[in-house]
Structure formats: C-alpha cells, structure tokens
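Participant: Below are the structure tokens for one structure; questions will follow.
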Amino acid sequence: MKRILITGALGQIGSELTIRLREIYGNDNVIATDIRMKPDNAAATGGPFEILDVTDGKRMAEIAKKYNVDAVMHLAALLSATAEANPVFAWNLNMGGLMNALETAREVNAQFFTPSSIGAFGPSTPKDKTPQDTIMRPTTMYGVNKVSGELLSDYYYHKFGVDTRGVRFPGLISYVAPPGGGTTDYAVEIYYEAVKNKKYASFIDKGTYMDMMYMPDALNAIINLMEADPAKLIHRNSFNVTAMSFDPEELAAEIRKHIPDFEMTYDVDPVRQRIADSWPNSLDASAAAEEWGFRAEYDIARMTADMLDKLKEKLS
C-alpha cells in the first residue's frame, strides 16, 4: 500500500485507522472520506478529506482516480442494532456501498479491504471456539450483509483478480469514537459510565459471552493483513480474529479492581440481547495466525487499565 482511500473514515474504526495509516504512510497518502465533515475529528483534518456517500459509485471512483490510490479500505456501514431497526436501508447502504467500493478497486486496480464480523454467524454455528470454516446462517440483516460481503469479496477475487482481504471482527472496544449502535457497545459504554458515574445499567444480560478486541489490536490486524504475502493467504476475506471473551459480570469485576465502588445493574434490550444470543461465545483464530501471523496483545486486564486511564484523561 502506498496511497489509501478510506470510506467511513470518521466512524468507529476509521477514526483511529486513518490516523495510524497516516503515521505509517504519510498524511497526504491516506484519503479519508465520509458522508459528512466532522471538524472535531482528527481523521478529517489531518490530511486529505472528501465528502462521499458510498451509494454514489461514480463519485467514489472519481476520488480514487483523483488521488491515484492503490488500496481501498471500505469501512462505511450500519452496525448491527441500527441495521436491524431499518433492514431495507441497511441492505441498500451496506451492500450497495460494498459493490461500489469493489467496483472502484477493480477499476483502479487497487488492493481492497472490508471488515466482516462475528455477526456473520448465526444460532446454528458452533458457539465455542467457532471454526474458521463452519455453517453460517445469520438471523439478522447485519449478519446477512456480512455473509454476502464475504462471498462478494471472494467473487471479485476469483472473477476479476481484485486483491480482496478481510477479517471477521469481534466486538471492538475503543476510547476514541463513541458507541455507534452495535450489540457489543455495552463493553464501551460501561467504561464511560464507570469513569463518569461509577455505575452502569447493561443492556446485555449477565452470563452473555461475546468475543471482544481492543482497538489497537484491530488496527494491527488490518495493517498486517494488508501487508501480508498474498501467496500465503488461503481464506482472504473472512479470517477469524480474536483477543478475549467475557460476559458483563467479568468486565464489571475487572473495572472494580480500579474503581472499587463501581456498580452494575441490568436493563436488557431484547433486540440486542437476541442478536448477542445468536453470536459465538469465542472464535478460533488459528487460520489468521498461520497464514499471516495474527496475534493479539491485549487481554481484559491490560485493556481495562488502558481504557480507564485514557477515558479519565479524555473526560477530565
């Protein structure tokens, strides 16, 4: 990668990935795009930025050609709970935007990355140490989008030779971007509320295990996969990656090591709980480790210490 176009650059992943890529490849070589400008977001102000609605394929291709990009990272999408609330809009945005991004990569002969998710799995998928290759029958629109995206990316590789790559992310935890309508967002909100109010009402029920990852590990996974030797990649567009698996009680207990009087109650959201119940408890990431050396550095203890330190600084 030398010149990179990012869609959804002001979202949860993009806000941090854009800055990280600019540190590596240079500010002028990472072109951030989003549907609106956010002047308080460093990803929008630290280098080239263009307004882009990803459903406008012509505009996307124009930007790619204008900056002569050789990699497209397509991050723009509706997240799980938001997509479930408006499934037709989610399909049009998530799948229409993906098709436009793949077509843009094909047209300019660029590398391509888009993230999949644990949402691609469903209730009939093995719940523990979910294999890399297994049954995938999601019961949410978000999950249907993600499975379709994996298959579509595979198609563009086999049909057109586009160098497509992707990972199945677990829940991502970050202190930079605020929660954006995801099922795993309780694991972000809980830290904010612990620092601000020393209490939190979880919308996910006790005993609900989900795979999670701290954002620094997620950024490393993207960059390392995109820089990996393509000859070693077998799965390409759907690598399981993981760092930790916990339920709300375990996360609250870890927070109490730093904030002893933190209290947690439950106000379960039935929509997001149903989504969480359909997802795996944990993933098997051995294929990613074997094919491009994936390894997570943060566990729940190290992540919690860093999250609380960073949020105390941010919110003070």
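Chain labels run A, B, ... following the order of the structure tokens; each chain numbers its residues from 1, and ligands are numbered from 1 in the order shown.
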Quick one: everything within 9 Å of Gly180 in chain A, counting only C-alpha atoms, minus sequence neighbours fewer than 6 positions away in the same chain. Send it as a PDB file with C-alpha atoms, in the first residue's frame.

Facilitator:
```pdb
ATOM      1  CA  GLY A  11     -16.586   6.071  12.197  1.00  0.00           C
ATOM      2  CA  GLN A  12     -15.566   3.695  14.959  1.00  0.00           C
ATOM      3  CA  LEU A  78     -24.644   0.424   9.503  1.00  0.00           C
ATOM      4  CA  LEU A  79     -23.925  -1.616  12.636  1.00  0.00           C
ATOM      5  CA  THR A  82     -29.129   0.058  13.779  1.00  0.00           C
TER       6      THR A  82
END
```

Participant: Just want the 10 Å neighbourhood of His74 in chain A, counted on only C-alpha atoms, with same-chain residues fewer than 3 positions away dropped. Output as JSON, numbers by chain.

Facilitator: {"A": [5, 6, 7, 8, 9, 14, 33, 54, 71, 77, 97, 98, 100, 101, 102, 112, 113, 114, 115]}

Participant: Keeping only N, CA and C atoms, write those residues as a PDB file, in the first residue's frame.

Facilitator:
```pdb
ATOM      1  N   LEU A   5      -7.399   4.927   0.069  1.00  0.00           N
ATOM      2  CA  LEU A   5      -8.704   5.571   0.188  1.00  0.00           C
ATOM      3  C   LEU A   5      -9.511   4.842   1.266  1.00  0.00           C
ATOM      4  N   ILE A   6     -10.051   5.598   2.225  1.00  0.00           N
ATOM      5  CA  ILE A   6     -10.839   5.014   3.301  1.00  0.00           C
ATOM      6  C   ILE A   6     -12.252   5.574   3.243  1.00  0.00           C
ATOM      7  N   THR A   7     -13.252   4.690   3.164  1.00  0.00           N
ATOM      8  CA  THR A   7     -14.637   5.126   3.305  1.00  0.00           C
ATOM      9  C   THR A   7     -15.064   4.942   4.759  1.00  0.00           C
ATOM     10  N   GLY A   8     -16.022   5.751   5.198  1.00  0.00           N
ATOM     11  CA  GLY A   8     -16.427   5.680   6.603  1.00  0.00           C
ATOM     12  C   GLY A   8     -15.293   6.013   7.545  1.00  0.00           C
ATOM     13  N   ALA A   9     -14.451   6.962   7.141  1.00  0.00           N
ATOM     14  CA  ALA A   9     -13.214   7.229   7.877  1.00  0.00           C
ATOM     15  C   ALA A   9     -13.441   7.931   9.213  1.00  0.00           C
ATOM     16  N   GLY A  14     -12.536   3.765  11.513  1.00  0.00           N
ATOM     17  CA  GLY A  14     -11.847   4.721  10.654  1.00  0.00           C
ATOM     18  C   GLY A  14     -11.206   5.873  11.388  1.00  0.00           C
ATOM     19  N   THR A  33     -12.649   9.675   3.679  1.00  0.00           N
ATOM     20  CA  THR A  33     -13.942  10.096   3.159  1.00  0.00           C
ATOM     21  C   THR A  33     -15.038   9.709   4.145  1.00  0.00           C
ATOM     22  N   VAL A  54     -21.356   6.612   0.026  1.00  0.00           N
ATOM     23  CA  VAL A  54     -20.839   5.401  -0.623  1.00  0.00           C
ATOM     24  C   VAL A  54     -21.843   4.771  -1.586  1.00  0.00           C
ATOM     25  N   ALA A  71      -4.985   1.303  -2.848  1.00  0.00           N
ATOM     26  CA  ALA A  71      -5.686   0.477  -1.863  1.00  0.00           C
ATOM     27  C   ALA A  71      -6.985   1.166  -1.469  1.00  0.00           C
ATOM     28  N   ALA A  77     -20.653   1.504   6.943  1.00  0.00           N
ATOM     29  CA  ALA A  77     -21.720   0.508   7.098  1.00  0.00           C
ATOM     30  C   ALA A  77     -22.567   0.864   8.304  1.00  0.00           C
ATOM     31  N   GLY A  97     -23.040   0.064  -1.038  1.00  0.00           N
ATOM     32  CA  GLY A  97     -21.741   0.697  -0.815  1.00  0.00           C
ATOM     33  C   GLY A  97     -20.593  -0.265  -1.061  1.00  0.00           C
ATOM     34  N   LEU A  98     -20.755  -1.515  -0.630  1.00  0.00           N
ATOM     35  CA  LEU A  98     -19.707  -2.510  -0.846  1.00  0.00           C
ATOM     36  C   LEU A  98     -19.494  -2.782  -2.328  1.00  0.00           C
ATOM     37  N   ASN A 100     -20.062  -0.768  -4.805  1.00  0.00           N
ATOM     38  CA  ASN A 100     -19.387   0.391  -5.385  1.00  0.00           C
ATOM     39  C   ASN A 100     -17.900   0.407  -5.037  1.00  0.00           C
ATOM     40  N   ALA A 101     -17.578   0.030  -3.797  1.00  0.00           N
ATOM     41  CA  ALA A 101     -16.174   0.016  -3.381  1.00  0.00           C
ATOM     42  C   ALA A 101     -15.384  -1.059  -4.127  1.00  0.00           C
ATOM     43  N   LEU A 102     -15.982  -2.232  -4.297  1.00  0.00           N
ATOM     44  CA  LEU A 102     -15.315  -3.298  -5.051  1.00  0.00           C
ATOM     45  C   LEU A 102     -15.132  -2.901  -6.514  1.00  0.00           C
ATOM     46  N   PHE A 112      -7.912  -4.279  -1.777  1.00  0.00           N
ATOM     47  CA  PHE A 112      -9.208  -3.984  -1.176  1.00  0.00           C
ATOM     48  C   PHE A 112      -9.334  -4.651   0.187  1.00  0.00           C
ATOM     49  N   PHE A 113      -9.868  -3.884   1.154  1.00  0.00           N
ATOM     50  CA  PHE A 113     -10.167  -4.432   2.476  1.00  0.00           C
ATOM     51  C   PHE A 113     -11.555  -3.988   2.903  1.00  0.00           C
ATOM     52  N   THR A 114     -12.323  -4.912   3.465  1.00  0.00           N
ATOM     53  CA  THR A 114     -13.546  -4.564   4.185  1.00  0.00           C
ATOM     54  C   THR A 114     -13.710  -5.541   5.334  1.00  0.00           C
ATOM     55  N   PRO A 115     -14.173  -5.076   6.489  1.00  0.00           N
ATOM     56  CA  PRO A 115     -14.306  -5.980   7.631  1.00  0.00           C
ATOM     57  C   PRO A 115     -15.608  -6.750   7.608  1.00  0.00           C
TER      58      PRO A 115
END
```

Participant: What is the CA of Val69 in chain A-CA of Gly26 in chain A distance in Å, reported with one decimal?

Facilitator: 13.3 Å

Participant: Between A:Asn240, A:Thr208, A:Asn220, A:Ser124, which one has atoms that come closest to Phe169 in chain A, using only C-alpha atoms?

Facilitator: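 Counting only C-alpha atoms, the residue closest to Phe169 in chain A is A:Asn240.
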
Participant: Report the residues of range 24-214 of chain A whose backbone DSSP state falls under alpha helix (DSSP H), written as a PyMOL selection string.

Facilitator: chain A and resi 24-25+42-45+57-66+80-85+87-108+141-160+186-196

Participant: Using DSSP assignments from the backbone, pull out every residue in range 31-188 of chain A that falls under strand (DSSP E) and give it to me as an NGL selection string.

Facilitator: :A and (31-34 or 49-51 or 71-74 or 111-113 or 116-117 or 164-165 or 167-169 or 171-173)

Participant: CA of Val88 in chain A and CA of Asp34 in chain A are how many Å apart?

Facilitator: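 Distance between the two atoms: 20.9 Å.
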
Participant: Rounded to one decimal, what separation in Å do you get between CA of Asp128 in chain A and CA of Asp284 in chain A?

Facilitator: 8.3 Å

Participant: With only C-alpha atoms as the atoms that count, which of A:Ile4, A:Val188, A:Ile135, A:Met37 lies nearest to Ala105 in chain A?

Facilitator: A:Ile4

Participant: Might you pull out every residue within 8 Å of Glu16 in chain A, with only C-alpha atoms counted and same-chain residues fewer than 5 positions away left off, and present them as a PyMOL selection string?

Facilitator: chain A and resi 43+176+219

Participant: Pick the closest to Phe203 in chain A from A:Arg137, A:Arg106, A:Ala81, A:Ala253: which is it, counting only C-alpha atoms?

Facilitator: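 Closest candidate: A:Ala81.
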
Participant: Per residue of range 68-112 of chain A within 12 Å of range 226-230 of chain A, note the shortest atom pair and the distance in Å to one decimal, counting only C-alpha atoms, and order the rows by chain and increasing residue number, as CSV.

Facilitator:
```
residue,atom,partner,partner_atom,distance
A:Asp70,CA,A:Met226,CA,11.6
A:Ala71,CA,A:Met226,CA,9.1
A:Val72,CA,A:Met226,CA,10.5
A:Met73,CA,A:Met226,CA,9.8
A:Ala110,CA,A:Met226,CA,11.5
A:Gln111,CA,A:Met226,CA,8.0
A:Phe112,CA,A:Met226,CA,8.4
```

Participant: How would the residues just picked look written out with N, CA and C atoms as a JSON list (two decimals), in the first residue's frame?

Facilitator:
```json
[["chain", "number", "residue", "atom", "x", "y", "z"],
["A", 70, "ASP", "N", -3.91, 3.10, -4.52],
["A", 70, "ASP", "CA", -3.61, 1.70, -4.83],
["A", 70, "ASP", "C", -4.19, 0.75, -3.78],
["A", 71, "ALA", "N", -4.99, 1.30, -2.85],
["A", 71, "ALA", "CA", -5.69, 0.48, -1.86],
["A", 71, "ALA", "C", -6.99, 1.17, -1.47],
["A", 72, "VAL", "N", -8.04, 0.38, -1.35],
["A", 72, "VAL", "CA", -9.34, 0.88, -0.90],
["A", 72, "VAL", "C", -9.72, 0.14, 0.37],
["A", 73, "MET", "N", -9.98, 0.88, 1.45],
["A", 73, "MET", "CA", -10.46, 0.28, 2.70],
["A", 73, "MET", "C", -11.89, 0.75, 2.92],
["A", 110, "ALA", "N", -6.75, -1.66, -7.46],
["A", 110, "ALA", "CA", -6.28, -1.42, -6.10],
["A", 110, "ALA", "C", -6.51, -2.64, -5.22],
["A", 111, "GLN", "N", -5.69, -2.76, -4.18],
["A", 111, "GLN", "CA", -5.96, -3.70, -3.11],
["A", 111, "GLN", "C", -7.27, -3.32, -2.44],
["A", 112, "PHE", "N", -7.91, -4.28, -1.78],
["A", 112, "PHE", "CA", -9.21, -3.98, -1.18],
["A", 112, "PHE", "C", -9.33, -4.65, 0.19]]
```

Participant: Go through A:Ile234, A:Ile222, A:Ile255, A:Met212 one by one, measure the shortest atom-to-atom distance of each to Ala194 in chain A using only C-alpha atoms, and give the residue with the smallest value.

Facilitator: A:Ile255

Participant: Check which residues of range 216-264 of chain A sit at most 7 Å from range 288-302 of chain A using only C-alpha atoms, and return one row each with the closest pair of atoms and their distance in Å to one decimal, ordered by chain and rising number, as a tab-separated table.

Facilitator:
```
residue	atom	partner	partner_atom	distance
A:Asp217	CA	A:Ala296	CA	5.6
A:Ala221	CA	A:Phe294	CA	6.5
A:Leu225	CA	A:Trp292	CA	6.4
A:Ala228	CA	A:Trp292	CA	5.9
A:Lys232	CA	A:Glu291	CA	5.7
A:Leu233	CA	A:Glu291	CA	5.7
A:Phe239	CA	A:Ala288	CA	5.7
A:Asn240	CA	A:Ala288	CA	6.6
A:Val241	CA	A:Ala288	CA	6.8
A:Ala243	CA	A:Ala296	CA	5.4
A:Met244	CA	A:Asp299	CA	6.0
A:Glu254	CA	A:Ala301	CA	6.7
```

Participant: When you count only C-alpha atoms, which of these residues is closest to Ala90 in chain A: A:Thr125, A:Asn41, A:Asn145, A:Ser316?

Facilitator: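 Smallest distance to Ala90 in chain A is found for A:Asn145.
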
Participant: Looking at only C-alpha atoms, which of A:Val167, A:Ala305, A:Trp91, A:Asn224 is the one that sits closest to Ile259 in chain A?

Facilitator: A:Ala305

Participant: Which residues are close to Val195 in chain A, i.e. within 8 Å by only C-alpha atoms, leaving aside same-chain residues fewer than 4 positions away? Reply as a ChimeraX atom specification.

Facilitator: /A:191,308,311-312

Participant: Could you write out that same residue set with N, CA and C atoms as a compact mmCIF listing (two decimals), in the first residue's frame?

Facilitator:
```
# COMPACT_ATOMS: atom_id res chain seq x y z
N TYR A 191 -17.31 1.56 30.34
CA TYR A 191 -16.13 2.31 30.78
C TYR A 191 -16.43 3.79 30.95
N LEU A 308 -9.48 2.88 31.07
CA LEU A 308 -9.81 3.78 32.18
C LEU A 308 -8.84 4.95 32.26
N LEU A 311 -9.72 7.30 29.28
CA LEU A 311 -11.00 7.98 29.45
C LEU A 311 -10.96 9.02 30.56
N LYS A 312 -10.26 8.74 31.63
CA LYS A 312 -10.11 9.74 32.68
C LYS A 312 -9.45 11.01 32.14
```
